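The structure appears right after this line, and notes come after that.
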Amino acid sequence: MFKNEEMEINLGPQHPSTHGVLRVKLRLDGETITHCRPMIGYLHRGVEKICENQSFFQGQVWTDRMDYCSAVANNLGWAEANEKLFGITVPRRAQYIRTMLNEFNRLASHLIWLATHALDIGAMTVFLYAFREREDILDMNEAFCGSRLTTTAFRIGGLREDLPPGFEKMVQKFLAKFETCLEEYENLLSENRIWKKRTVGVAKLSAEDAIGLGVTGPVLRAAGVPYDIRKAFPYAAYAEMDFEVPTRTEADTYARYLVRMAEMRQSARIIQQCMDGMPEGPVMAKLPKILKAEVNEVYHATEAPKGEIGYYLVGEKGSGNPYRFHVRAPGFINLQALPKMAEGALIADIVAAIGTLDIVLGEIDR
Amino acid sequence: MSDETLPQAPETPAGPYVYDYAASPQRQIVLPKTVPVPSLRTYQAEVAAAAAADEAKWQKQLADFEVAKAKAEAEGKDAPKPPVRAVPRKDDNDMKTPWPQEAKDADLLRLQEVLGAKVEEIFEQAGELTCQVAKESILEALRLCRQDAALNYEMLADQSATHYPAAKDFAFSVVYHLTSISRRKRLRLRILVPEGFQPESACAVYPSANWMEREIYDMLGIRFANHPDMTRILCPEDWEGHPLRKDYPVVGWGQRDISFREDRGGMLERIALQKAGQLGINLKQPKAE
Amino acid sequence: MPIPTLTQSIVITLIQCLLVVIFVFVVVPLTVFAERKVLGYLQQRLGSTRVASGHVGITGWMNRGMWKWGRVPVLSYWRGIPGLVADVLKLILKEDILPAKADKFVFFIAPALSMVAAVVVFAAVSFVPGVFFTFPKWFPYLGGLPVSGGIADINVGLLWILGVASVGVYGIVLAGWASNSKYPLLGGLRSAAQMVSYEVPLALSLLAPVVLSASLNFGEMSARMATGMPALALIPQILGFLLYLTCGFAETNRLPFDMPEAENELVAGFHTEYSGMKFGFFYLAEYINMTVVAALASGFFLGGPWLLPFGLQGLLNPHLPAFLSWFGEPHAIFFVVKIIFILFTYIWVRGTIPRYRYDQVMSVAWKYLIPVALVNLLLAAVVRCFAV
């Protein structure tokens, strides 16, 4: 008389909290998820193929469009991978400016994460507070390179332009108020009972699983593994910066929240150090007009806000295009952990899990 | 519905639709002619060949000079200028091309020591360690990297593949980028596989390989043996061809230009074909593979 | 005072109904507007300041007018008001989509059911005790007749209110079921469980005033609660008020308990498949329910039409000087102000805290609210025994 049937439900591709066009096939027993399978590719544009058919300089434009929330970090990885491929030494001032903009970008990306994650869990006011600060960062992007979101901020070998006049004042103004803004978010969330109920112990991913599944970034650090590429394999000017790698051991959504909040503080610290120790000098290396590659392959990984973003480039002798271009997108690898985090949880928890992974479908589908 | 509302056929019909890459310049494929697989052995051979060619040229110049000098002396003219050996021009820029170098790193030597003949090549380039192993023993190499206490590469950071249509005895290279979090090191394992060969899946050692291998299968068509779920990941399941192969046109084969599985009457297809005919694009796709 | 005939009393009742409906349909759009503006204020933005149509049509005309008035700084804040008209017009004019596999009859009946259940509750609500106003002598047919402050002076008014309000659940459950779609079904299931659970602590928290005032009539209860309570009765009243408000949030599906329509999980919950004015009915019903909850809370706990909440009016009245005696009497304006305050609280809470998870919502009801409500009832009984 009573049949116990599981319900199959598609979360997405059009759904408010899948952060784009992610589709997750869920099998539900009541409200409990028994099976979860993410299905991606709705935003696949073939970035890798396109970049293989464009010159080394043109490819950077496409890296903006992968993870559009952290375009500068993607640009940095692309530029450095190419510099490694050609063996280019970048002037020190350019390194500092890159580091600073990259950290600003990390702030912007984490603010978007905070905004959307909180909105997913139902705290809608944080959304607008976080966007208020992000607006200032986008203004700084605009002052530096003319565009706000898809920046194409760097060039292979350095920067196109030095910092604009008055930039330092903007930075100091931002840093002066940012700490109080962070406290504002934390007042709304950190000790909020409902926020803690929704996040503590939710979507756990142990360190072992995280390393096995290749998960990087704040998700891995919240599991207690202090793996930050800025420290482990320093690039740009990070070797000269004094900062900490915040970690937690709880490996749940709340720990990831705390790690990201602490990371924002560290980013502000790095920006301050960049401004204080900014060296003088040129911002662009001396390069030939056209870059022709030699036979070489590089894999260069940098710490994007979402995790390790790696660029794999193969050069062909005498060719102006990369022979092979591959992106190790942090979101793509991190999303693999979703079934592990969501199975056995409730349907509301998968929303928290998607939010805490901080995915951007542009880079997952490429 | 009157005939006026239907789209009119172009005045000069494009003729019977035959798949023709030349119809649209973007669809032309230029297959690569070289096989850019970085390799110390190839590089050394190239350098030696270039040096030999340079030496031979110099010897020829010297010989020519001797002949010319003897001729000039015989004719009583002024002796010709002695030849100057060409020095390679030095570029005044900040570029210093990283060339492959002998492997000195302990990890590479350890791999060679344990795996012996299964390691085909080890070298360093641009500060990165590369170890090319035989395609049948990749799983063994991965397991060694994961479990050996001296190596201890915990994470498979990235896995990717490259298509080399110009190569003779292989078609793809598959690279595994391993990261050791505790030792702060990176290592690249590489296998060269021919068309149709199924390398062992790395999922047994590194679960993160699951999606990356699906992506490689989707994009390049390399199937992995013993993979738990060897399906397409980014492209739709009924997609034809593998987009990242070098013989796949940049704008695609037009699979999704019209997708009219529900267009029973063929109306939309007719319109689309007419429109495409006006633009000179051919939509009749050949069956891939 | 003349005694009205039967027909006259029917006409008067109809007029009362009309007044209540007008009240509801004025308060609800204003609440929607206030929601936008208050949320905007909380979130450091402007909220709505314009309507889409701009210059043409009714809303365009209103819009231009508002912008003209908006030169006055205070009025500029009200510029978004024509948007309400535009919203309603949009809902009315929008295509009414009927999903192919929906159960047609139930699909139609569901929004009507929640709407009717929400409005009918007002029948038992007394806005002001006694006579609201008297028709002037010259008025045709009804001259000199009094109009009381509530439509139906039911002596078991509380039962009526609880009974009718729980019919509203059916609207949501049926909507979820009739849509024949997965997300609405989940929303409907959630609301069935949630509303049934929360009705228990809600009713228990309302039992405390019943015990204290020894009545089930809305008007009598609010009068006794406001003026006839000893100081000791403050504790069960305040506790009961907080309990009632919490359950009221859950019953009206508002944050942090908006499970049936948690848009980040269930897209839009039970009304995912609804459009046009059918969706509008659900939307209206939600806001009317909010108003009902606010009216009950202010009637039972906040002193209804009296000035001070929690029975403090009774303590104040003996000490009130004669020239301030206006503040010692019941006035509908106080009632309305309290309703507005509670509606503001709704919006305030929505802007501040996140949403509970579904199982947590249930555990809050069964593990915390019901025991506390029982304790509160016990306290009320003790106060009743020894103090009244």
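Following the order of the structure tokens, first chain is A, next is B, and so on, with residues numbered from 1 inside each chain and ligands from 1 in the order they appear.
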
**Request:** Give as a PyMOL selection string every residue of chain C that touches chain A within 9 Å, counting only C-alpha atoms.
**Result:** chain C and resi 39+42-45+182-183+186+255-256+262-267+350-360

**Request:** Determine which residues of chain B sit within 9 Å of chain A, taking into account only C-alpha atoms, and present them as a ChimeraX atom specification.
**Result:** /B:32,34-39,43,91-100,125-128,154-163,177,181-185,188,205-212,233-236,243-245,250-251

**Request:** Could you check which of A:Thr199, A:Lys306, A:Leu313, A:Met241 is closest to A:Trp78, using only C-alpha atoms?
**Result:** A:Leu313

**Asked** Counting only C-alpha atoms, what is within 8 Å of stretch 245-247 of chain A, bar same-chain residues fewer than 4 positions away, as a ChimeraX atom specification?
**Response** /A:221-226,228,259,262-263

For C-alpha atoms, I'd like the residues from the last selection saved as a PDB file, in the first residue's frame.
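Contents of part-v5.pdb, freshly written:
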```pdb
ATOM      1  CA  ARG A 221      42.771  25.423   4.217  1.00  0.00           C
ATOM      2  CA  ALA A 222      39.581  25.157   6.229  1.00  0.00           C
ATOM      3  CA  ALA A 223      40.360  21.446   6.534  1.00  0.00           C
ATOM      4  CA  GLY A 224      43.627  22.254   8.254  1.00  0.00           C
ATOM      5  CA  VAL A 225      46.085  21.965   5.358  1.00  0.00           C
ATOM      6  CA  PRO A 226      48.159  25.146   5.189  1.00  0.00           C
ATOM      7  CA  ASP A 228      48.787  28.339  -0.093  1.00  0.00           C
ATOM      8  CA  VAL A 259      39.128  31.295   6.711  1.00  0.00           C
ATOM      9  CA  ALA A 262      40.747  36.009   7.805  1.00  0.00           C
ATOM     10  CA  GLU A 263      42.167  35.902   4.296  1.00  0.00           C
TER      11      GLU A 263
END
```

Tell me, as a tab-separated table (two decimals) with N, CA and C atoms, in the first residue's frame, which residues lie within 6 Å of C:Gly219, counting only C-alpha atoms; anything in the same chain fewer than 2 positions away does not count.
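Done, and the output landed in result_21.tsv:
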```tsv
chain	number	residue	atom	x	y	z
C	126	SER	N	-11.80	43.16	16.40
C	126	SER	CA	-12.47	44.40	16.79
C	126	SER	C	-11.44	45.52	16.84
C	129	PRO	N	-13.26	49.13	20.79
C	129	PRO	CA	-14.42	48.63	21.53
C	129	PRO	C	-15.59	49.59	21.40
C	217	ASN	N	-13.78	36.33	23.30
C	217	ASN	CA	-14.20	37.40	22.40
C	217	ASN	C	-13.06	38.38	22.20
C	221	MET	N	-11.37	40.46	25.17
C	221	MET	CA	-10.01	40.05	25.53
C	221	MET	C	-9.07	41.23	25.49
C	222	SER	N	-9.13	41.98	24.39
C	222	SER	CA	-8.15	43.06	24.28
C	222	SER	C	-8.43	44.13	25.33
```

**Asked** Where does DSSP see strand (DSSP E or B) in stretch 308-346 of chain A, if you list the residues as a PyMOL selection string?
**Response** chain A and resi 308-315+322-328+346

**Asked** Any idea what's packed within 10 Å of A:Trp113, counting only C-alpha atoms, ignoring anything in its chain fewer than 4 positions away? Could you give it as a ChimeraX atom specification?
**Response** /A:69,107-109,117-119,127,130,257,260,305-306,355-360

**Complete:** As a check of understanding: the span from atom CA of A:Ile354 to atom CA of A:Ala251 is 14.8 Å

**Message:** I'd like to know which residues of stretch 151-251 of chain B are alpha helix (DSSP H) (by DSSP, run on the backbone); could you write them as a ChimeraX atom specification?
**Reply:** /B:209-220

Write the selection just made, keeping N, CA and C atoms, as a PDB file, in the first residue's frame?
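What ended up in out-v8.pdb:
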```
ATOM      1  N   ALA B 209      41.420  12.605 -10.489  1.00  0.00           N
ATOM      2  CA  ALA B 209      41.576  12.386 -11.928  1.00  0.00           C
ATOM      3  C   ALA B 209      40.244  12.141 -12.616  1.00  0.00           C
ATOM      4  N   ASN B 210      39.219  11.848 -11.835  1.00  0.00           N
ATOM      5  CA  ASN B 210      37.930  11.473 -12.411  1.00  0.00           C
ATOM      6  C   ASN B 210      37.464  12.471 -13.469  1.00  0.00           C
ATOM      7  N   TRP B 211      37.260  13.690 -13.068  1.00  0.00           N
ATOM      8  CA  TRP B 211      36.711  14.672 -14.017  1.00  0.00           C
ATOM      9  C   TRP B 211      37.742  15.087 -15.057  1.00  0.00           C
ATOM     10  N   MET B 212      39.020  15.116 -14.642  1.00  0.00           N
ATOM     11  CA  MET B 212      40.033  15.551 -15.600  1.00  0.00           C
ATOM     12  C   MET B 212      40.137  14.551 -16.733  1.00  0.00           C
ATOM     13  N   GLU B 213      40.018  13.269 -16.426  1.00  0.00           N
ATOM     14  CA  GLU B 213      40.083  12.266 -17.486  1.00  0.00           C
ATOM     15  C   GLU B 213      38.828  12.304 -18.341  1.00  0.00           C
ATOM     16  N   ARG B 214      37.715  12.597 -17.698  1.00  0.00           N
ATOM     17  CA  ARG B 214      36.506  12.772 -18.516  1.00  0.00           C
ATOM     18  C   ARG B 214      36.680  13.934 -19.471  1.00  0.00           C
ATOM     19  N   GLU B 215      37.313  15.002 -18.985  1.00  0.00           N
ATOM     20  CA  GLU B 215      37.510  16.155 -19.846  1.00  0.00           C
ATOM     21  C   GLU B 215      38.448  15.807 -20.998  1.00  0.00           C
ATOM     22  N   ILE B 216      39.501  15.049 -20.692  1.00  0.00           N
ATOM     23  CA  ILE B 216      40.441  14.664 -21.756  1.00  0.00           C
ATOM     24  C   ILE B 216      39.716  13.809 -22.790  1.00  0.00           C
ATOM     25  N   TYR B 217      38.887  12.896 -22.312  1.00  0.00           N
ATOM     26  CA  TYR B 217      38.130  12.065 -23.254  1.00  0.00           C
ATOM     27  C   TYR B 217      37.204  12.934 -24.099  1.00  0.00           C
ATOM     28  N   ASP B 218      36.553  13.879 -23.451  1.00  0.00           N
ATOM     29  CA  ASP B 218      35.615  14.737 -24.151  1.00  0.00           C
ATOM     30  C   ASP B 218      36.333  15.580 -25.200  1.00  0.00           C
ATOM     31  N   MET B 219      37.479  16.135 -24.798  1.00  0.00           N
ATOM     32  CA  MET B 219      38.139  17.117 -25.649  1.00  0.00           C
ATOM     33  C   MET B 219      39.066  16.481 -26.680  1.00  0.00           C
ATOM     34  N   LEU B 220      39.685  15.354 -26.329  1.00  0.00           N
ATOM     35  CA  LEU B 220      40.672  14.782 -27.240  1.00  0.00           C
ATOM     36  C   LEU B 220      40.374  13.348 -27.635  1.00  0.00           C
TER      37      LEU B 220
END
```

Do a neighbour search on A:Ala236 at 10 Å with only C-alpha atoms, toss out local chain neighbours closer than 5 positions, and write the hits as a PDB file with N, CA and C atoms, in the first residue's frame.
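Writing done, so here's out.pdb:
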```pdb
ATOM      1  N   LEU A  76      47.072  37.321 -14.018  1.00  0.00           N
ATOM      2  CA  LEU A  76      48.395  37.150 -13.418  1.00  0.00           C
ATOM      3  C   LEU A  76      48.936  35.766 -13.748  1.00  0.00           C
ATOM      4  N   GLY A  77      48.107  34.743 -13.587  1.00  0.00           N
ATOM      5  CA  GLY A  77      48.563  33.388 -13.882  1.00  0.00           C
ATOM      6  C   GLY A  77      48.959  33.256 -15.336  1.00  0.00           C
ATOM      7  N   GLU A  80      52.255  35.139 -16.021  1.00  0.00           N
ATOM      8  CA  GLU A  80      53.430  34.487 -15.447  1.00  0.00           C
ATOM      9  C   GLU A  80      53.732  33.170 -16.140  1.00  0.00           C
ATOM     10  N   VAL A  90      60.655  39.914 -15.014  1.00  0.00           N
ATOM     11  CA  VAL A  90      59.746  41.064 -14.918  1.00  0.00           C
ATOM     12  C   VAL A  90      60.348  42.069 -13.943  1.00  0.00           C
ATOM     13  N   ARG A  92      60.857  44.734 -10.959  1.00  0.00           N
ATOM     14  CA  ARG A  92      60.371  44.545  -9.597  1.00  0.00           C
ATOM     15  C   ARG A  92      59.137  45.403  -9.321  1.00  0.00           C
ATOM     16  N   ALA A  94      56.846  46.259 -11.361  1.00  0.00           N
ATOM     17  CA  ALA A  94      55.691  45.585 -11.962  1.00  0.00           C
ATOM     18  C   ALA A  94      55.216  44.441 -11.082  1.00  0.00           C
ATOM     19  N   GLN A  95      56.175  43.713 -10.504  1.00  0.00           N
ATOM     20  CA  GLN A  95      55.792  42.610  -9.611  1.00  0.00           C
ATOM     21  C   GLN A  95      54.971  43.121  -8.443  1.00  0.00           C
ATOM     22  N   TYR A  96      55.398  44.244  -7.887  1.00  0.00           N
ATOM     23  CA  TYR A  96      54.691  44.786  -6.720  1.00  0.00           C
ATOM     24  C   TYR A  96      53.279  45.210  -7.100  1.00  0.00           C
ATOM     25  N   ILE A  97      53.186  45.898  -8.228  1.00  0.00           N
ATOM     26  CA  ILE A  97      51.849  46.375  -8.632  1.00  0.00           C
ATOM     27  C   ILE A  97      50.950  45.183  -8.913  1.00  0.00           C
ATOM     28  N   ARG A  98      51.522  44.166  -9.547  1.00  0.00           N
ATOM     29  CA  ARG A  98      50.738  42.954  -9.811  1.00  0.00           C
ATOM     30  C   ARG A  98      50.248  42.331  -8.516  1.00  0.00           C
ATOM     31  N   THR A  99      51.148  42.232  -7.570  1.00  0.00           N
ATOM     32  CA  THR A  99      50.769  41.631  -6.294  1.00  0.00           C
ATOM     33  C   THR A  99      49.628  42.409  -5.648  1.00  0.00           C
ATOM     34  N   MET A 100      49.754  43.720  -5.694  1.00  0.00           N
ATOM     35  CA  MET A 100      48.737  44.546  -5.042  1.00  0.00           C
ATOM     36  C   MET A 100      47.380  44.370  -5.733  1.00  0.00           C
ATOM     37  N   ASN A 102      46.403  41.941  -7.512  1.00  0.00           N
ATOM     38  CA  ASN A 102      45.923  40.585  -7.299  1.00  0.00           C
ATOM     39  C   ASN A 102      45.236  40.469  -5.946  1.00  0.00           C
ATOM     40  N   ARG A 230      50.909  30.977  -2.618  1.00  0.00           N
ATOM     41  CA  ARG A 230      51.680  32.201  -2.379  1.00  0.00           C
ATOM     42  C   ARG A 230      52.846  31.932  -1.436  1.00  0.00           C
ATOM     43  N   THR A 302      49.072  29.529  -9.802  1.00  0.00           N
ATOM     44  CA  THR A 302      49.035  30.656  -8.866  1.00  0.00           C
ATOM     45  C   THR A 302      47.824  30.483  -7.966  1.00  0.00           C
TER      46      THR A 302
END
```

**Request:** For C:Ala297, work out the shell of residues within 10 Å, counting only C-alpha atoms and skipping chain neighbours fewer than 4 positions away, then give it as a list in words.
**Result:**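 In the requested form, the answer reads Leu206, Ser222, Gly240, Phe241, Leu242, Tyr244, Leu245, Gly248, Thr291, Val292, Val293, Phe301, Leu302, Gly303, Gly304, Lys338, Ile339 and Ile342 of chain C.
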
**Asked** In Å, with one decimal, what is the gap from atom CA of C:Thr227 to atom CA of C:Ile333?
**Response**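 About the pair atom CA of C:Thr227 and atom CA of C:Ile333: they are 17.4 Å apart.
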
**Asked** Taking only C-alpha atoms into account, which of C:Tyr141, C:Leu174, C:Val169, C:Thr7 comes nearest C:Lys104?
**Response** C:Leu174

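Rounded to one decimal, atom CA of B:Leu151 and atom CA of A:Glu303 lie 23.3 Å from each other.
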